[in-house]
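Q: So here's start_8.tsv, just TSV, C-alpha atoms:
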chain	number	residue	atom	x	y	z
A	1	MET	CA	-21.00	148.98	-39.73
A	2	SER	CA	-20.17	151.81	-37.35
A	3	THR	CA	-23.00	154.03	-36.13
A	4	HIS	CA	-22.03	157.22	-37.99
A	5	PHE	CA	-21.85	155.34	-41.29
A	6	ALA	CA	-25.33	153.91	-40.67
A	7	GLU	CA	-26.71	157.26	-39.53
A	8	VAL	CA	-25.39	159.18	-42.55
A	9	LEU	CA	-26.71	156.52	-44.93
A	10	ALA	CA	-30.14	156.55	-43.28
A	11	ARG	CA	-30.34	160.33	-43.54
A	12	GLU	CA	-28.97	160.48	-47.07
A	13	SER	CA	-31.27	157.72	-48.22
A	14	ALA	CA	-34.30	159.66	-46.91
A	15	CYS	CA	-33.16	163.09	-48.17
A	16	LEU	CA	-31.90	162.06	-51.59
A	17	ALA	CA	-35.08	160.09	-52.31
A	18	GLY	CA	-36.96	163.40	-52.16
A	19	VAL	CA	-34.64	165.21	-54.58
A	20	THR	CA	-36.69	165.52	-57.73
A	21	ASP	CA	-35.73	168.96	-59.02
A	22	GLY	CA	-33.06	171.65	-58.86
A	23	ALA	CA	-34.58	173.41	-55.83
A	24	LYS	CA	-34.64	170.19	-53.80
A	25	LEU	CA	-31.10	169.43	-54.89
A	26	ALA	CA	-30.13	172.86	-53.55
A	27	ASP	CA	-31.86	172.03	-50.23
A	28	TRP	CA	-29.97	168.75	-50.01
A	29	ARG	CA	-26.69	170.48	-50.76
A	30	ARG	CA	-27.29	173.23	-48.18
A	31	ARG	CA	-28.00	170.63	-45.52
A	32	VAL	CA	-24.94	168.49	-46.32
A	33	VAL	CA	-22.65	171.54	-46.29
A	34	GLN	CA	-24.05	172.49	-42.90
A	35	GLU	CA	-23.43	168.98	-41.56
A	36	LEU	CA	-19.86	168.91	-42.88
A	37	MET	CA	-19.12	172.27	-41.23
A	38	THR	CA	-20.41	171.02	-37.85
A	39	PRO	CA	-17.48	169.53	-35.92
A	40	LEU	CA	-19.31	166.71	-34.13
A	41	SER	CA	-21.65	165.78	-36.96
A	42	PRO	CA	-21.77	162.08	-37.92
A	43	TYR	CA	-20.98	163.28	-41.48
A	44	VAL	CA	-17.61	164.58	-40.31
A	45	PHE	CA	-16.78	161.35	-38.47
A	46	ALA	CA	-17.94	159.22	-41.39
A	47	LEU	CA	-15.57	160.96	-43.83
A	48	ARG	CA	-12.55	160.78	-41.53
A	49	GLN	CA	-9.70	158.72	-43.01
A	50	THR	CA	-9.12	156.64	-39.89
A	51	GLY	CA	-10.16	153.25	-38.60
A	52	ASP	CA	-12.43	150.74	-40.28
A	53	VAL	CA	-11.35	150.70	-43.97
A	54	PRO	CA	-13.72	147.96	-45.25
A	55	GLY	CA	-16.61	149.62	-43.40
A	56	ARG	CA	-15.77	153.01	-44.91
A	57	ALA	CA	-15.38	151.54	-48.38
A	58	ASP	CA	-18.83	149.96	-48.10
A	59	PHE	CA	-20.30	153.20	-46.75
A	60	LEU	CA	-18.82	155.28	-49.60
A	61	ASP	CA	-20.04	152.78	-52.22
A	62	ARG	CA	-23.57	152.97	-50.88
A	63	TRP	CA	-23.54	156.76	-50.66
A	64	ARG	CA	-22.25	156.96	-54.22
A	65	GLU	CA	-25.07	154.64	-55.32
A	66	LEU	CA	-27.67	156.89	-53.65
A	67	LEU	CA	-26.13	159.91	-55.39
A	68	ALA	CA	-26.08	158.10	-58.75
A	69	GLU	CA	-29.77	157.21	-58.41
A	70	THR	CA	-30.54	160.85	-57.67
A	71	VAL	CA	-28.45	162.13	-60.60
A	72	ASP	CA	-30.13	159.61	-62.87
A	73	ARG	CA	-33.61	160.69	-61.66
A	74	LEU	CA	-32.76	164.35	-62.27
A	75	LEU	CA	-31.45	163.60	-65.75
A	76	ARG	CA	-34.60	161.65	-66.65
A	77	SER	CA	-36.83	164.46	-65.40
A	78	GLY	CA	-34.85	166.93	-67.49
A	79	THR	CA	-33.40	168.89	-64.57
A	80	THR	CA	-30.39	170.08	-66.47
A	81	GLY	CA	-30.70	173.80	-66.29
A	82	ASP	CA	-27.46	174.61	-67.93
A	83	THR	CA	-27.80	175.49	-71.56
A	84	HIS	CA	-24.73	176.22	-73.61
A	85	SER	CA	-24.66	179.50	-75.42
A	86	SER	CA	-25.04	177.44	-78.57
A	87	GLY	CA	-28.42	176.31	-77.23
A	88	GLN	CA	-27.36	172.71	-76.96
A	89	THR	CA	-28.02	171.15	-73.55
A	90	ARG	CA	-25.34	169.23	-71.76
A	91	ARG	CA	-27.77	166.55	-70.66
A	92	THR	CA	-26.66	163.82	-73.00
A	93	ASP	CA	-23.03	164.23	-71.96
A	94	VAL	CA	-23.75	163.56	-68.29
A	95	ASP	CA	-22.77	160.16	-66.91
A	96	ALA	CA	-24.70	159.49	-63.67
A	97	GLN	CA	-22.10	157.17	-62.13
A	98	LYS	CA	-19.17	159.48	-62.82
A	99	THR	CA	-21.11	162.55	-61.73
A	100	ALA	CA	-22.01	160.79	-58.46
A	101	LEU	CA	-18.34	159.96	-57.94
A	102	LEU	CA	-17.33	163.56	-58.54
A	103	ILE	CA	-19.97	164.79	-56.06
A	104	LEU	CA	-18.64	162.37	-53.45
A	105	ALA	CA	-15.03	163.44	-54.14
A	106	ALA	CA	-16.12	167.11	-53.89
A	107	LEU	CA	-17.79	166.44	-50.52
A	108	HIS	CA	-14.73	164.55	-49.30
A	109	GLY	CA	-11.97	166.86	-50.53
A	110	GLY	CA	-14.03	170.05	-50.23
A	111	SER	CA	-14.86	169.39	-46.59
A	112	THR	CA	-11.19	168.77	-45.79
A	113	LEU	CA	-10.24	172.11	-47.35
A	114	SER	CA	-13.15	173.83	-45.61
A	115	GLN	CA	-12.25	172.35	-42.24
A	116	ILE	CA	-8.65	173.60	-42.38
A	117	THR	CA	-9.75	177.08	-43.47
A	118	LYS	CA	-12.86	177.11	-41.21
A	119	ASP	CA	-14.70	178.48	-44.24
A	120	PRO	CA	-17.43	176.72	-46.25
A	121	TRP	CA	-16.24	178.44	-49.43
A	122	PRO	CA	-13.94	175.64	-50.75
A	123	LEU	CA	-16.63	173.01	-50.18
A	124	ASN	CA	-19.18	175.18	-51.98
A	125	ALA	CA	-16.77	175.85	-54.85
A	126	ALA	CA	-16.20	172.10	-55.19
A	127	LEU	CA	-19.95	171.38	-55.16
A	128	ASP	CA	-20.68	174.17	-57.65
A	129	LEU	CA	-18.35	172.42	-60.03
A	130	ALA	CA	-19.66	168.90	-59.35
A	131	LEU	CA	-23.29	170.01	-59.66
A	132	ALA	CA	-22.67	172.21	-62.71
A	133	PRO	CA	-24.81	169.98	-65.00
A	134	PHE	CA	-27.85	170.87	-62.85
A	135	THR	CA	-27.16	174.54	-62.36
A	136	ALA	CA	-29.78	176.60	-64.15
A	137	THR	CA	-27.87	179.69	-65.03
A	138	GLU	CA	-26.35	181.48	-67.94
A	139	ASP	CA	-23.39	182.39	-65.79
A	140	ASN	CA	-22.01	179.17	-64.40
A	141	SER	CA	-19.33	180.81	-62.36
A	142	PRO	CA	-21.09	181.95	-59.19
A	143	ALA	CA	-18.74	184.39	-57.53
A	144	ARG	CA	-17.70	184.27	-53.91
A	145	THR	CA	-20.66	186.36	-52.88
A	146	GLY	CA	-22.93	185.44	-55.77
A	147	THR	CA	-26.34	183.87	-55.39
A	148	SER	CA	-27.14	183.77	-59.06
A	149	SER	CA	-28.02	180.08	-59.17
A	150	PRO	CA	-30.42	177.99	-57.10
A	151	ILE	CA	-27.52	175.70	-56.26
A	152	GLY	CA	-25.19	178.63	-55.82
A	153	ASN	CA	-23.01	179.06	-52.83
A	154	MET	CA	-24.43	179.18	-49.35
A	155	ASN	CA	-22.23	181.74	-47.68
A	156	THR	CA	-24.77	184.49	-47.71
B	1	MET	CA	28.25	175.10	-38.30
B	2	THR	CA	25.02	176.10	-36.63
B	3	THR	CA	21.54	176.50	-38.02
B	4	ALA	CA	18.46	178.03	-36.42
B	5	ASP	CA	15.70	175.70	-35.30
B	6	PRO	CA	12.80	176.72	-37.58
B	7	ARG	CA	10.27	176.65	-34.73
B	8	ASN	CA	11.84	178.26	-31.69
B	9	GLY	CA	14.74	180.05	-33.33
B	10	ARG	CA	17.23	178.25	-31.09
B	11	ARG	CA	20.64	177.73	-32.63
B	12	LEU	CA	21.28	174.14	-33.51
B	13	THR	CA	24.67	172.57	-33.87
B	14	ALA	CA	25.26	170.56	-37.04
B	15	ARG	CA	24.77	167.44	-34.98
B	16	GLY	CA	21.60	168.80	-33.39
B	17	ALA	CA	20.20	169.69	-36.83
B	18	LYS	CA	20.98	166.20	-38.05
B	19	THR	CA	19.23	164.60	-35.10
B	20	ARG	CA	16.22	166.86	-35.57
B	21	ALA	CA	16.06	166.02	-39.27
B	22	ARG	CA	16.24	162.31	-38.46
B	23	ILE	CA	13.32	162.60	-36.04
B	24	VAL	CA	11.24	164.57	-38.55
B	25	ALA	CA	12.02	162.12	-41.39
B	26	ALA	CA	11.00	159.11	-39.27
B	27	ALA	CA	7.83	160.87	-38.08
B	28	THR	CA	6.95	161.90	-41.65
B	29	ASP	CA	7.19	158.30	-42.89
B	30	LEU	CA	5.24	156.88	-39.95
B	31	MET	CA	2.46	159.45	-40.18
B	32	TYR	CA	2.17	158.94	-43.92
B	33	VAL	CA	1.84	155.18	-43.61
B	34	LYS	CA	-0.01	154.80	-40.28
B	35	GLY	CA	-1.72	158.15	-40.00
B	36	VAL	CA	-1.11	160.94	-37.48
B	37	GLY	CA	-3.48	159.56	-34.85
B	38	ALA	CA	-1.96	156.07	-34.85
B	39	THR	CA	1.66	157.30	-34.66
B	40	THR	CA	3.03	157.52	-31.11
B	41	LEU	CA	6.19	159.23	-29.91
B	42	ASP	CA	7.47	155.77	-28.98
B	43	ASP	CA	7.07	154.70	-32.62
B	44	VAL	CA	9.10	157.74	-33.67
B	45	LEU	CA	11.80	156.95	-31.10
B	46	ALA	CA	12.04	153.37	-32.33
B	47	ALA	CA	12.11	154.32	-36.03
B	48	SER	CA	14.62	157.16	-35.70
B	49	GLY	CA	16.89	155.54	-33.15
B	50	VAL	CA	17.18	158.72	-31.07
B	51	SER	CA	16.76	158.85	-27.32
B	52	LYS	CA	13.73	160.21	-25.51
B	53	SER	CA	15.75	163.11	-24.12
B	54	GLN	CA	16.99	164.01	-27.60
B	55	LEU	CA	13.44	163.99	-28.91
B	56	TYR	CA	12.18	166.21	-26.10
B	57	HIS	CA	15.14	168.51	-26.59
B	58	HIS	CA	13.78	169.34	-30.06
B	59	PHE	CA	10.03	168.89	-29.60
B	60	ASP	CA	7.97	169.52	-26.51
B	61	GLY	CA	5.34	167.01	-27.55
B	62	LYS	CA	3.48	165.37	-30.38
B	63	ASP	CA	1.78	168.56	-31.60
B	64	ALA	CA	5.16	170.24	-32.13
B	65	LEU	CA	6.39	167.20	-34.02
B	66	VAL	CA	3.26	167.12	-36.19
B	67	ARG	CA	3.85	170.78	-37.10
B	68	ALA	CA	7.43	169.98	-38.13
B	69	VAL	CA	6.11	167.12	-40.27
B	70	ILE	CA	3.62	169.50	-41.92
B	71	ASP	CA	6.47	171.93	-42.73
B	72	ASN	CA	8.59	169.10	-44.10
B	73	VAL	CA	5.85	167.53	-46.25
B	74	GLY	CA	4.55	170.93	-47.33
B	75	GLU	CA	7.96	172.07	-48.54
B	76	ARG	CA	8.37	168.89	-50.59
B	77	VAL	CA	4.89	168.97	-52.11
B	78	ILE	CA	5.02	172.66	-52.98
B	79	GLU	CA	8.44	172.28	-54.57
B	80	ARG	CA	7.22	169.31	-56.64
B	81	GLU	CA	4.04	171.14	-57.69
B	82	ARG	CA	5.86	174.38	-58.51
B	83	GLU	CA	8.10	172.42	-60.83
B	84	ALA	CA	5.15	170.53	-62.34
B	85	LEU	CA	2.74	173.45	-62.75
B	86	GLY	CA	4.86	176.59	-62.81
B	87	HIS	CA	5.11	176.74	-66.61
B	88	VAL	CA	1.99	174.86	-67.69
B	89	SER	CA	-0.16	176.97	-69.98
B	90	THR	CA	-2.18	174.40	-71.95
B	91	ILE	CA	-4.92	171.89	-71.12
B	92	ARG	CA	-2.59	169.22	-72.45
B	93	GLY	CA	0.00	170.29	-69.91
B	94	LEU	CA	-2.63	170.08	-67.18
B	95	ARG	CA	-3.43	166.52	-68.31
B	96	ARG	CA	0.24	165.58	-68.12
B	97	TRP	CA	0.30	166.89	-64.54
B	98	ARG	CA	-2.74	164.70	-63.82
B	99	ASP	CA	-1.05	161.66	-65.40
B	100	VAL	CA	2.01	161.99	-63.17
B	101	LEU	CA	-0.07	162.19	-59.98
B	102	VAL	CA	-2.33	159.31	-61.00
B	103	GLN	CA	0.59	157.11	-62.14
B	104	ASN	CA	2.50	157.72	-58.93
B	105	ASN	CA	-0.53	156.93	-56.84
B	106	ALA	CA	-1.27	153.81	-58.91
B	107	LEU	CA	2.15	152.39	-58.00
B	108	ARG	CA	0.90	152.08	-54.45
B	109	HIS	CA	-2.68	151.13	-55.38
B	110	GLY	CA	-3.67	154.48	-53.93
B	111	ALA	CA	-2.97	153.11	-50.47
B	112	TYR	CA	-1.49	156.18	-48.79
B	113	GLY	CA	-3.16	159.13	-50.44
B	114	CYS	CA	-1.73	162.62	-50.76
B	115	ALA	CA	0.88	163.25	-48.06
B	116	LEU	CA	-0.42	166.76	-47.45
B	117	GLY	CA	-4.11	165.89	-47.77
B	118	SER	CA	-3.78	163.02	-45.29
B	119	LEU	CA	-2.31	165.41	-42.75
B	120	ALA	CA	-5.13	167.87	-43.44
B	121	SER	CA	-7.83	165.28	-42.90
B	122	GLU	CA	-6.36	164.25	-39.57
B	123	VAL	CA	-5.06	167.28	-37.75
B	124	SER	CA	-7.57	169.87	-38.77
B	125	ASP	CA	-9.67	170.30	-35.67
B	126	HIS	CA	-7.54	170.19	-32.55
B	127	ASP	CA	-4.41	172.17	-33.40
B	128	ALA	CA	-4.99	175.71	-34.69
B	129	LEU	CA	-1.32	176.29	-35.60
B	130	ALA	CA	-1.18	173.09	-37.63
B	131	ARG	CA	-4.45	174.00	-39.30
B	132	GLU	CA	-3.18	177.45	-40.28
B	133	ALA	CA	0.05	176.00	-41.66
B	134	LEU	CA	-1.92	173.50	-43.77
B	135	SER	CA	-4.28	176.22	-44.89
B	136	ARG	CA	-1.33	178.34	-46.12
B	137	LEU	CA	0.20	175.38	-47.95
B	138	PHE	CA	-3.04	174.49	-49.70
B	139	ALA	CA	-3.55	178.14	-50.64
B	140	GLU	CA	-0.10	178.08	-52.23
B	141	TRP	CA	-0.81	174.86	-54.14
B	142	GLN	CA	-4.19	176.16	-55.31
B	143	GLY	CA	-2.44	179.36	-56.33
B	144	LEU	CA	-0.25	177.31	-58.69
B	145	LEU	CA	-3.35	175.73	-60.24
B	146	ALA	CA	-5.03	179.13	-60.50
B	147	GLY	CA	-1.88	180.36	-62.26
B	148	VAL	CA	-2.27	177.69	-64.93
B	149	LEU	CA	-5.95	178.55	-65.41
B	150	ARG	CA	-5.15	182.25	-65.58
B	151	ARG	CA	-2.59	181.60	-68.33
B	152	LEU	CA	-5.28	179.61	-70.17
B	153	GLN	CA	-7.59	182.57	-69.75
B	154	ASP	CA	-4.96	185.06	-70.95
B	155	ASP	CA	-4.48	182.94	-74.06
B	156	GLY	CA	-8.22	182.98	-74.70
B	157	VAL	CA	-8.61	179.24	-74.05
B	158	LEU	CA	-10.83	179.90	-71.04
B	159	PRO	CA	-13.53	182.58	-71.33
B	160	PRO	CA	-12.91	185.82	-69.44
B	161	ASP	CA	-15.93	185.23	-67.18
B	162	ALA	CA	-14.68	181.83	-65.94
B	163	SER	CA	-13.98	182.05	-62.22
B	164	VAL	CA	-10.38	180.92	-62.00
B	165	ASP	CA	-10.21	180.73	-58.21
B	166	GLN	CA	-13.38	178.72	-58.01
B	167	LEU	CA	-12.20	176.28	-60.67
B	168	ALA	CA	-8.79	175.92	-58.99
B	169	THR	CA	-10.47	175.22	-55.65
B	170	GLY	CA	-12.88	172.74	-57.24
B	171	LEU	CA	-9.98	170.99	-58.96
B	172	MET	CA	-8.02	170.77	-55.70
B	173	ALA	CA	-11.07	169.43	-53.84
B	174	ALA	CA	-11.67	166.79	-56.53
B	175	LEU	CA	-7.98	165.83	-56.43
B	176	GLN	CA	-7.96	165.52	-52.63
B	177	GLY	CA	-11.34	163.79	-52.51
B	178	GLY	CA	-10.16	161.48	-55.27
B	179	TYR	CA	-7.03	160.59	-53.30
B	180	MET	CA	-9.18	159.78	-50.27
B	181	LEU	CA	-11.65	157.64	-52.24
B	182	ALA	CA	-8.73	155.81	-53.88
B	183	GLN	CA	-7.14	155.25	-50.49
B	184	THR	CA	-10.30	153.68	-49.10
B	185	ALA	CA	-10.93	151.59	-52.23
B	186	ARG	CA	-7.23	150.62	-52.57
B	187	ASP	CA	-7.70	151.47	-56.23
B	188	VAL	CA	-6.58	154.58	-58.08
B	189	THR	CA	-9.61	154.65	-60.43
B	190	PRO	CA	-11.85	157.00	-58.38
B	191	MET	CA	-9.02	159.53	-58.19
B	192	ALA	CA	-8.43	159.40	-61.94
B	193	THR	CA	-12.17	159.73	-62.64
B	194	ALA	CA	-12.67	162.68	-60.27
B	195	ILE	CA	-9.80	164.69	-61.82
B	196	ASP	CA	-10.86	163.76	-65.35
B	197	MET	CA	-14.40	165.00	-64.69
B	198	VAL	CA	-13.06	168.39	-63.61
B	199	LEU	CA	-10.60	168.60	-66.50
B	200	ALA	CA	-13.45	167.75	-68.90
B	201	HIS	CA	-15.51	170.54	-67.33
B	202	ILE	CA	-12.63	173.01	-67.77
B	203	GLU	CA	-12.22	171.85	-71.35
B	204	SER	CA	-15.98	172.27	-72.00
B	205	LEU	CA	-15.71	175.90	-70.87
B	206	SER	CA	-12.94	176.41	-73.40
B	207	LYS	CA	-15.20	175.19	-76.20
B	208	ARG	CA	-18.13	177.44	-75.47
Show me this structure written as structure tokens.
A:
Amino acid sequence: MSTHFAEVLARESACLAGVTDGAKLADWRRRVVQELMTPLSPYVFALRQTGDVPGRADFLDRWRELLAETVDRLLRSGTTGDTHSSGQTRRTDVDAQKTALLILAALHGGSTLSQITKDPWPLNAALDLALAPFTATEDNSPARTGTSSPIGNMNT
Amino acid sequence: MTTADPRNGRRLTARGAKTRARIVAAATDLMYVKGVGATTLDDVLAASGVSKSQLYHHFDGKDALVRAVIDNVGERVIEREREALGHVSTIRGLRRWRDVLVQNNALRHGAYGCALGSLASEVSDHDALAREALSRLFAEWQGLLAGVLRRLQDDGVLPPDASVDQLATGLMAALQGGYMLAQTARDVTPMATAIDMVLAHIESLSKR
């Protein structure tokens, strides 16, 4: 496995293991966004669509697994801040595997959009949506400049 | 008949325009299948059957050719998406749009990804002009998605406080990320799942 795949997995494995609540999830997210906006970061190389396809497929599977474990842990601990206006939580509707896949797709597609615009906003918008089940806020549409949620966007 | 070269404004004869189009078509196919990085000018010469001097008459190097490919792919994708999304005003219509993209990608086992997204993931850092062109094209595509969401909002399907631009951007990111995951897995499932998750989220907002 190429070095940037191994390095990202080592870092993600360590960081995601410590994500036990919404605030730590926000820390994780802030750090990943920063990595993906740094041109020579191993995260950027690891998500590039070139070269070693089997290696990348394996890397993405393992990252998705780490994300799914984290999502599952957060669901078990009840870190699902979002409460519908009806008062019914969304917790039971959340599928850890599918949520992990959406987070990975948001990182992948969001970073591509952010790299062409040189603006972290698209990546943050994508992550806001993917992490919506864990966003403790009445208003789940953080605006471009908004910081209303702990997992809200990081442009400020 | 003469037409203006879209890049340098030079007048092209009908024959010159035809040669240029042949080069761009060959480069578009090669870059879609092999990727931008792995496509050489020699590959383009071989696939298009034009001479080196003809190629350099139209393009002063690979960057110029890549930009012409971006224009070519962008025009096609935007035209397709305008037709597909321009009049959609229901969640059902949005799901039909999703079905077409997923079905088309499934035909190829997801192998090649989105023509525009693949270009974006490869050329983004070194060529500022290419990056700006891609950025404009994605803004236009996202604008079409935002248009659909705004019509949903106008009809009261989406709540007035839903952030249409953020949802449109999140949907585009999930679509592009889904294409990339499908391409790596050689399986369209991750793409379908990623879009479905976002559409379910949009639908959940409509039920609040």
Q: Dump as CSV the rows for residues of chain B within 8 Å of chain A: closest atom pair and distance in Å with one decimal, all atoms listed in the file counted, ordered by chain and rising residue number.
A:
residue,atom,partner,partner_atom,distance
B:Gly35,CA,A:Thr50,CA,7.6
B:Gly117,CA,A:Thr112,CA,7.9
B:Ser118,CA,A:Gln49,CA,7.7
B:Ala120,CA,A:Thr112,CA,6.6
B:Ser121,CA,A:Thr112,CA,5.6
B:Glu122,CA,A:Gln49,CA,7.3
B:Ser124,CA,A:Ile116,CA,5.3
B:Asp125,CA,A:Gln115,CA,7.4
B:Arg131,CA,A:Ile116,CA,5.2
B:Glu132,CA,A:Ile116,CA,7.0
B:Leu134,CA,A:Ile116,CA,6.9
B:Ser135,CA,A:Ile116,CA,5.7
B:Phe138,CA,A:Leu113,CA,7.9
B:Asp161,CA,A:Ser141,CA,7.4
B:Ala162,CA,A:Ser141,CA,6.0
B:Ser163,CA,A:Ser141,CA,5.5
B:Gln166,CA,A:Ala125,CA,5.5
B:Leu167,CA,A:Leu129,CA,7.3
B:Thr169,CA,A:Pro122,CA,6.0
B:Gly170,CA,A:Ala126,CA,4.0
B:Leu171,CA,A:Ala126,CA,7.4
B:Met172,CA,A:Gly109,CA,7.6
B:Ala173,CA,A:Gly109,CA,4.3
B:Ala174,CA,A:Ala106,CA,5.2
B:Leu175,CA,A:Gly109,CA,7.2
B:Gln176,CA,A:Gly109,CA,4.7
B:Gly177,CA,A:Gly109,CA,3.7
B:Gly178,CA,A:Ala105,CA,5.4
B:Met180,CA,A:Gln49,CA,7.4
B:Leu181,CA,A:Ala105,CA,7.0
B:Thr184,CA,A:Ala57,CA,5.6
B:Ala185,CA,A:Ala57,CA,5.9
B:Pro190,CA,A:Leu101,CA,7.1
B:Thr193,CA,A:Lys98,CA,7.0
B:Ala194,CA,A:Leu102,CA,5.0
B:Met197,CA,A:Leu102,CA,7.0
B:Val198,CA,A:Leu129,CA,7.6
B:Arg208,CA,A:Ser85,CA,6.8
Q: Hey, which of B:Arg82, B:Arg186, B:His87, B:Arg96 ends up closest to His109 in chain B? Count all atoms listed in the file.
A: B:Arg186
Q: I'd like the contact shell of Arg11 in chain A - 12 Å cut-off, only C-alpha atoms, skipping same-chain residues fewer than 3 positions apart - returned as a PyMOL selection string.
A: chain A and resi 4-8+14-18+28+31-32+35+42-43+63+66
Q: Can you pull out the residues contacting Thr79 in chain A? Cut-off 7 Å, using all atoms listed in the file, and skip same-chain residues under 4 positions away; I want them as number ranges by chain.
A: A: 21-22, 74-75, 134
Q: Between CA of Gln183 in chain B and CA of Gly110 in chain B, measure the distance and give it in Å to one decimal.
A: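 Those two atoms sit 4.9 Å apart.
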Q: So which one's closest to Cys114 in chain B, B:Asp165, B:Val33, B:Gly61, B:Ile91? Using all atoms listed in the file, please.
A: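 So, comparing all the options, the nearest one is B:Val33.
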Q: Skip Thr19 in chain B itself and residues of its chain fewer than 3 positions away, then list as an MDAnalysis selection string all residues within 12 Å of it, counting only C-alpha atoms.
A: chainID B and resid 5 12:16 22:26 45 48:59
Q: Please measure the separation of CA of Val188 in chain B and CA of Arg108 in chain B, giving the value in Å to one decimal.
A: 8.7 Å
Q: What does the distance between CA of Gly147 in chain B and CA of Arg30 in chain A come to in Å, to one decimal place?
A: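 Separation between CA of Gly147 in chain B and CA of Arg30 in chain A: 29.9 Å.
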Q: Rank nothing, just name the residue among B:Leu149, B:Ala192, B:Ile70, B:Ala115 nearest to Ser206 in chain B, using only C-alpha atoms.
A: B:Leu149
Q: Find the residue from B:Val88, B:Leu205, B:Ala200, B:Leu137 that sits nearest to Arg76 in chain B; use all atoms listed in the file when measuring.
A: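 Nearest candidate to Arg76 in chain B out of B:Val88, B:Leu205, B:Ala200, B:Leu137: B:Leu137.
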